[in-house]
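Enquirer: Mind looking over this structure? Questions follow.
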Amino acid sequence: MRVGIVGATGAVGRELVDVLGRRAFPVTSLRLFASARSAGTKTKTPFGETEIEEFSDAAVRNLDLALLAVSGDFAKAHAPKMVEAGVTVVDNSSAFRLQDNVPLVVPEVNANAIGGARLIANPNCTTAILVVALEPLRQAFGLKRVIVSTYQAASGAGAEGMAELERESRRVLVEGMKPEAEVFRWPLAFNVIPQIDSFQPNGYTREEMKVVWESRKIMGLPDLPISCTAVRIPTMRVHAEAVTIETERPVTPNEAREVLRRAAGVKVVDDPEHGLYPMPINATGQDDVEAGRIRANPVFGDRGLDLFLCGDQLLKGAALNAVQIAERLKAA
């Protein structure tokens with residue numbers, strides 16, 4: 001396939017290149033697009049050295065597949081034109097996720113939703129990590145309600161967020177100065193920020209509501225009660241999530257572990273006695289979502305379960321999921 005990555009110089013764009021190579025995606029030609037500032041720069045890829053091009057609608061018309069790692073506004077302006085030109089588009093932004101005629105896909109959960117679509121939306125990173133673990137539990141025990149608290153890494157704000165965390169940590173540790181903030185609303189170094197994205201009229205942030213809206217669409221449960229609290233923490237990459245569910249049928253921790261062990265895209269790491277549980281330091285660079293701390297939740301009796309998840313935001317939360325969608329498209 002003739003593949004193009006739009007937004008190739010960002011954190012997700014760079015991961016897309018690596019994932020395509022690592023998974024031996026059938027690329028006949030790879031083109032990398034970015035702003036005029038980056039155009040002309042040559043970069044090594046698994047498919048040979050490639051020169052970054054300035055994006056234009058005309059430049060991408062002869063692609064078979066475009067993977068977008070750009071803003072929602074950019075995607076709205078240009079993705080429909082690509083589709084009209086015959087290009088299949090997988091978009092990482094939030095632009096089309098909730099449109100009824102655009103499938104929102106996590107391949108382990110709802111690959112069949114792709115159908116014959118030429119524009120497919122990649123979900124919010126936190127949502128993708130969550131539903132990979134929720135869906136097998138839903139199939140086995142049913143889902144009545146979900147409560148989730150997220151601990152999201154600087155990578156969720158892109159390469160700029162990661163650079164700011166590193167820079168401001170050095171400012172504190174090396175220079176003995178107070179950290180500052182440009183990318184984030186408050187300094188992230190040695191801090192946690194209980195706000196990601198803008199606040200909505202209901203008191204939740206847009207990031208929190210994305211988890212609600214998108215999880216319902218992906219799992220086909222439009223009325224599922226979900227409450228999310230999203231917190232930014234000073235780690236580089238990997239989002240962590242503390243999840244509480246009430247199931248429709250009785251569930252035990254051992255039954256849940258067995259279900260998750262058989263689930264695609266999930267790795268059970270759950271031996272607290274020996275200090276084994278999901279952590280960002282271990283989940284970094286891993287394709288699978290780690291699940292652990294699986295235990296009965298006494299609030300909901302024999303239908304309650306608590307678990308802790310860690311997933312690499314730049315992989316399953318973004319680039320890997322997009323390439324998995326592309327693999328399904330190629331196989332269709």
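All residue names refer to the structure tokens as shown: chains lettered A, B, ... in order, residues numbered from 1 in each chain, ligands numbered from 1 in order.
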May I have the residues within 12 Å of Trp186 (chain A) as a list in words, using only C-alpha atoms and disregarding those fewer than 5 positions away in the same chain?

Expert: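 Listed by chain and then number, they are Gly161, Glu164, Leu165, Glu168, Lys178, Pro179, Glu180, Ala181, Asn191, Val192, Ile193, Pro194, Gln195, Ile196, Arg232, Ile233 and Pro234 of chain A.
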
Enquirer: If we count only C-alpha atoms, what is near Gly275 (chain A) at a cut-off of 12 Å, once residues fewer than 5 positions away on the same chain are taken out, given as a list in words?

Expert: Val269, Asp270, Gly292 and Arg293 of chain A

Enquirer: Which residue gives the smallest distance to Gly158 (chain A) among A:Gly13, A:Gly285, A:Gly40, A:Gly115, with only C-alpha atoms counted?

Expert: A:Gly13

Enquirer: As a PyMOL selection string, please: every residue in region 69-199 of chain A that DSSP puts in strand (DSSP E).

Expert: chain A and resi 88-91+119-121+145-152

Enquirer: Take the residues just selected and output them with N, CA, C and O atoms as a JSON list (two decimals), in the first residue's frame.

Expert:
```
[["chain", "number", "residue", "atom", "x", "y", "z"],
["A", 88, "THR", "N", -8.08, 6.05, 1.79],
["A", 88, "THR", "CA", -8.65, 5.59, 3.06],
["A", 88, "THR", "C", -7.91, 6.28, 4.20],
["A", 88, "THR", "O", -6.68, 6.31, 4.22],
["A", 89, "VAL", "N", -8.67, 6.81, 5.16],
["A", 89, "VAL", "CA", -8.10, 7.65, 6.21],
["A", 89, "VAL", "C", -8.39, 7.04, 7.58],
["A", 89, "VAL", "O", -9.54, 6.70, 7.89],
["A", 90, "VAL", "N", -7.35, 6.91, 8.39],
["A", 90, "VAL", "CA", -7.50, 6.57, 9.81],
["A", 90, "VAL", "C", -7.05, 7.80, 10.60],
["A", 90, "VAL", "O", -5.89, 8.21, 10.52],
["A", 91, "ASP", "N", -7.99, 8.40, 11.33],
["A", 91, "ASP", "CA", -7.75, 9.68, 11.97],
["A", 91, "ASP", "C", -7.62, 9.52, 13.48],
["A", 91, "ASP", "O", -8.49, 8.95, 14.13],
["A", 119, "LEU", "N", -13.28, 6.29, 6.00],
["A", 119, "LEU", "CA", -12.82, 7.16, 7.08],
["A", 119, "LEU", "C", -13.13, 6.47, 8.39],
["A", 119, "LEU", "O", -14.29, 6.18, 8.69],
["A", 120, "ILE", "N", -12.08, 6.17, 9.16],
["A", 120, "ILE", "CA", -12.23, 5.46, 10.44],
["A", 120, "ILE", "C", -11.57, 6.30, 11.52],
["A", 120, "ILE", "O", -10.46, 6.81, 11.33],
["A", 121, "ALA", "N", -12.25, 6.43, 12.64],
["A", 121, "ALA", "CA", -11.73, 7.22, 13.75],
["A", 121, "ALA", "C", -11.02, 6.33, 14.75],
["A", 121, "ALA", "O", -11.50, 5.24, 15.10],
["A", 145, "ARG", "N", -22.41, -0.81, 35.42],
["A", 145, "ARG", "CA", -21.88, 0.55, 35.56],
["A", 145, "ARG", "C", -20.36, 0.49, 35.67],
["A", 145, "ARG", "O", -19.80, -0.54, 36.05],
["A", 146, "VAL", "N", -19.72, 1.63, 35.33],
["A", 146, "VAL", "CA", -18.26, 1.72, 35.33],
["A", 146, "VAL", "C", -17.84, 3.03, 35.98],
["A", 146, "VAL", "O", -18.38, 4.09, 35.66],
["A", 147, "ILE", "N", -16.87, 2.95, 36.88],
["A", 147, "ILE", "CA", -16.25, 4.13, 37.48],
["A", 147, "ILE", "C", -14.75, 4.03, 37.26],
["A", 147, "ILE", "O", -14.14, 3.01, 37.59],
["A", 148, "VAL", "N", -14.15, 5.06, 36.68],
["A", 148, "VAL", "CA", -12.73, 4.99, 36.36],
["A", 148, "VAL", "C", -12.03, 6.28, 36.73],
["A", 148, "VAL", "O", -12.57, 7.37, 36.53],
["A", 149, "SER", "N", -10.85, 6.16, 37.33],
["A", 149, "SER", "CA", -9.97, 7.29, 37.57],
["A", 149, "SER", "C", -8.69, 7.06, 36.77],
["A", 149, "SER", "O", -8.11, 5.98, 36.86],
["A", 150, "THR", "N", -8.28, 8.05, 36.00],
["A", 150, "THR", "CA", -7.12, 7.88, 35.15],
["A", 150, "THR", "C", -5.94, 8.69, 35.67],
["A", 150, "THR", "O", -6.11, 9.75, 36.27],
["A", 151, "TYR", "N", -4.74, 8.16, 35.41],
["A", 151, "TYR", "CA", -3.48, 8.80, 35.79],
["A", 151, "TYR", "C", -2.66, 8.91, 34.51],
["A", 151, "TYR", "O", -1.98, 7.96, 34.12],
["A", 152, "GLN", "N", -2.77, 10.06, 33.85],
["A", 152, "GLN", "CA", -2.32, 10.18, 32.47],
["A", 152, "GLN", "C", -0.98, 10.88, 32.34],
["A", 152, "GLN", "O", -0.74, 11.93, 32.93]]
```

Enquirer: Show which residues sit within 9 Å of Asn62 (chain A), as a ChimeraX atom specification. Count only C-alpha atoms, and ignore same-chain residues fewer than 3 positions away.

Expert: /A:2,58-59,85-87

Enquirer: Any idea what's packed within 8 Å of Val6 (chain A), counting only C-alpha atoms, ignoring anything in its chain fewer than 4 positions away? Could you give it as number ranges by chain?

Expert: A: 13, 32-34, 55, 66-70

Enquirer: Keeping only C-alpha atoms, write the selected residues to a file as a PDB file, in the first residue's frame.

Expert:
```
ATOM      1  CA  GLY A  13       3.608  10.343  14.035  1.00  0.00           C
ATOM      2  CA  LEU A  32       5.822  11.689   5.611  1.00  0.00           C
ATOM      3  CA  PHE A  33       3.980  14.998   5.794  1.00  0.00           C
ATOM      4  CA  ALA A  34       4.383  17.862   8.241  1.00  0.00           C
ATOM      5  CA  PHE A  55       1.354  18.813   3.478  1.00  0.00           C
ATOM      6  CA  ALA A  66      -3.380   8.107   5.177  1.00  0.00           C
ATOM      7  CA  LEU A  67      -2.718   7.914   8.920  1.00  0.00           C
ATOM      8  CA  LEU A  68      -3.476  11.266  10.526  1.00  0.00           C
ATOM      9  CA  ALA A  69      -1.742  12.449  13.704  1.00  0.00           C
ATOM     10  CA  VAL A  70      -3.007  16.016  13.587  1.00  0.00           C
TER      11      VAL A  70
END
```

Enquirer: Find the residue from A:Ala264, A:Ile52, A:Val238, A:Val172 that sits nearest to Glu108 (chain A); use only C-alpha atoms when measuring.

Expert: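 When distances to Glu108 (chain A) are compared using only C-alpha atoms, the smallest one comes from A:Ala264.
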
Enquirer: Please, what distance in Å, to one decimal, runs between CA of Leu30 (chain A) and CA of Gly7 (chain A)?

Expert: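 Distance reported for this atom pair: 13.3 Å.
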
Enquirer: Rounded to one decimal place, report the CA of Leu224 (chain A)-CA of Val289 (chain A) distance in Å.

Expert: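 Separation of CA of Leu224 (chain A) and CA of Val289 (chain A): 22.3 Å.
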
Enquirer: What's the 10 Å shell around Leu98 (chain A), counting only C-alpha atoms, without same-chain residues fewer than 4 positions away, as a PyMOL selection string?

Expert: chain A and resi 94+102-104+121+123+210+213-214+217

Enquirer: From the options A:Gln286, A:Lys144, A:Met1, A:Arg22, which residue's atoms come nearest to Val266 (chain A), counting only C-alpha atoms?

Expert: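 Among the listed residues, A:Gln286 lies closest to Val266 (chain A).
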
Enquirer: Using only C-alpha atoms for the distances, tell me which of A:Ala153, A:Val259, A:Met279, A:Ile114 is nearest to Glu327 (chain A).

Expert: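 Checking each candidate against Glu327 (chain A), we get A:Ile114 as the closest.
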
Enquirer: Using only C-alpha atoms, which residues sit within 10 Å of Leu315 (chain A) once same-chain residues fewer than 4 positions away are excluded, as a list in words?

Expert: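 Residues meeting the cut-off are Val12, Glu15, Leu16, Val19, Cys125, Ile129, Arg237, Val238, Thr284, Gly285, Gln286, Asp287, Asp288, Val289, Gly311, Ala319, Leu320, Asn321, Ala322 and Val323 of chain A.
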
Enquirer: Pull C-alpha atoms from the residues just selected and write them as a PDB file, in the first residue's frame.

Expert:
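The resulting file, again_38.pdb, is shown below:
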```pdb
ATOM      1  CA  VAL A  12       2.338   9.864  17.579  1.00  0.00           C
ATOM      2  CA  GLU A  15       5.444   6.006  16.675  1.00  0.00           C
ATOM      3  CA  LEU A  16       3.331   5.305  13.592  1.00  0.00           C
ATOM      4  CA  VAL A  19       4.886   0.449  14.405  1.00  0.00           C
ATOM      5  CA  CYS A 125      -6.052   7.089  24.170  1.00  0.00           C
ATOM      6  CA  ILE A 129      -6.824   1.292  26.917  1.00  0.00           C
ATOM      7  CA  ARG A 237       4.357   7.856  28.889  1.00  0.00           C
ATOM      8  CA  VAL A 238       1.765   5.167  29.701  1.00  0.00           C
ATOM      9  CA  THR A 284       6.268   1.555  28.396  1.00  0.00           C
ATOM     10  CA  GLY A 285       6.844   0.336  24.856  1.00  0.00           C
ATOM     11  CA  GLN A 286       4.518  -2.648  25.291  1.00  0.00           C
ATOM     12  CA  ASP A 287       1.696  -3.364  22.871  1.00  0.00           C
ATOM     13  CA  ASP A 288      -0.581  -5.061  25.390  1.00  0.00           C
ATOM     14  CA  VAL A 289      -2.544  -3.342  28.128  1.00  0.00           C
ATOM     15  CA  GLY A 311      -1.327   1.033  28.627  1.00  0.00           C
ATOM     16  CA  ALA A 319      -0.241   4.560  16.873  1.00  0.00           C
ATOM     17  CA  LEU A 320      -0.623   0.822  17.432  1.00  0.00           C
ATOM     18  CA  ASN A 321      -4.411   0.976  17.376  1.00  0.00           C
ATOM     19  CA  ALA A 322      -4.311   2.981  14.141  1.00  0.00           C
ATOM     20  CA  VAL A 323      -2.015   0.438  12.459  1.00  0.00           C
TER      21      VAL A 323
END
```

Enquirer: Just give me the gap between CA of Phe199 (chain A) and CA of Ala95 (chain A) in Å, one decimal is fine.

Expert: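 About the pair CA of Phe199 (chain A) and CA of Ala95 (chain A): they are 18.2 Å apart.
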
Enquirer: For Thr235 (chain A), work out the shell of residues within 9 Å, counting only C-alpha atoms and skipping chain neighbours fewer than 4 positions away, then give it as a list in words.

Expert: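 Once the adjacent positions are removed, what remains is Gln152, Ala153, Ala154, Ser155, Met162, Leu165, Ala189, His239, Pro280 and Ile281 of chain A.
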
Enquirer: How about saving the chosen residues, N, CA, C and O atoms kept, as an mmCIF file, in the first residue's frame?

Expert:
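For reference, selection_39.cif as written:
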```cif
data_model
loop_
_atom_site.group_PDB
_atom_site.id
_atom_site.type_symbol
_atom_site.label_atom_id
_atom_site.label_comp_id
_atom_site.auth_asym_id
_atom_site.auth_seq_id
_atom_site.Cartn_x
_atom_site.Cartn_y
_atom_site.Cartn_z
ATOM 1 N N GLN A 152 -2.766 10.062 33.848
ATOM 2 C CA GLN A 152 -2.324 10.178 32.465
ATOM 3 C C GLN A 152 -0.975 10.879 32.340
ATOM 4 O O GLN A 152 -0.744 11.932 32.931
ATOM 5 N N ALA A 153 -0.123 10.274 31.516
ATOM 6 C CA ALA A 153 1.256 10.730 31.367
ATOM 7 C C ALA A 153 1.347 11.993 30.521
ATOM 8 O O ALA A 153 0.425 12.370 29.800
ATOM 9 N N ALA A 154 2.513 12.615 30.586
ATOM 10 C CA ALA A 154 2.770 13.823 29.801
ATOM 11 C C ALA A 154 2.661 13.557 28.305
ATOM 12 O O ALA A 154 2.356 14.466 27.527
ATOM 13 N N SER A 155 2.874 12.322 27.882
ATOM 14 C CA SER A 155 2.799 11.982 26.460
ATOM 15 C C SER A 155 1.425 12.264 25.885
ATOM 16 O O SER A 155 1.285 12.438 24.670
ATOM 17 N N MET A 162 5.920 16.172 26.868
ATOM 18 C CA MET A 162 7.017 15.378 27.402
ATOM 19 C C MET A 162 8.263 16.241 27.593
ATOM 20 O O MET A 162 8.967 16.129 28.608
ATOM 21 N N LEU A 165 7.875 18.445 30.725
ATOM 22 C CA LEU A 165 8.071 17.713 31.974
ATOM 23 C C LEU A 165 9.562 17.502 32.237
ATOM 24 O O LEU A 165 10.042 17.697 33.362
ATOM 25 N N ALA A 189 5.711 19.025 36.737
ATOM 26 C CA ALA A 189 6.825 18.420 37.474
ATOM 27 C C ALA A 189 6.512 18.404 38.972
ATOM 28 O O ALA A 189 6.172 19.434 39.565
ATOM 29 N N HIS A 239 -0.534 5.575 30.239
ATOM 30 C CA HIS A 239 -1.657 6.002 31.066
ATOM 31 C C HIS A 239 -2.066 4.846 31.967
ATOM 32 O O HIS A 239 -2.128 3.688 31.533
ATOM 33 N N PRO A 280 3.620 2.009 34.923
ATOM 34 C CA PRO A 280 4.100 2.645 33.693
ATOM 35 C C PRO A 280 5.517 2.264 33.313
ATOM 36 O O PRO A 280 5.826 2.118 32.124
ATOM 37 N N ILE A 281 6.391 2.062 34.279
ATOM 38 C CA ILE A 281 7.791 1.776 33.981
ATOM 39 C C ILE A 281 7.944 0.455 33.237
ATOM 40 O O ILE A 281 8.873 0.275 32.442
#
```

Enquirer: Return the single residue from A:Thr9, A:Gln200, A:Asn101, A:Ser29 that is closest to Ala159 (chain A), with distances computed using only C-alpha atoms.

Expert: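 Of A:Thr9, A:Gln200, A:Asn101, A:Ser29, the one nearest Ala159 (chain A), counting only C-alpha atoms, is A:Thr9.
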
Enquirer: When you count only C-alpha atoms, which of these residues is closest to Asn282 (chain A): A:Arg261, A:Ile218, A:Lys267, A:Asp306?

Expert: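 Using only C-alpha atoms, Asn282 (chain A) sits closest to A:Lys267.
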
Enquirer: Considering only alpha helix (DSSP H) as DSSP defines it on the backbone, what residues of region 251-320 of chain A qualify? List them as a PyMOL selection string.

Expert: chain A and resi 253-262+280-283+320
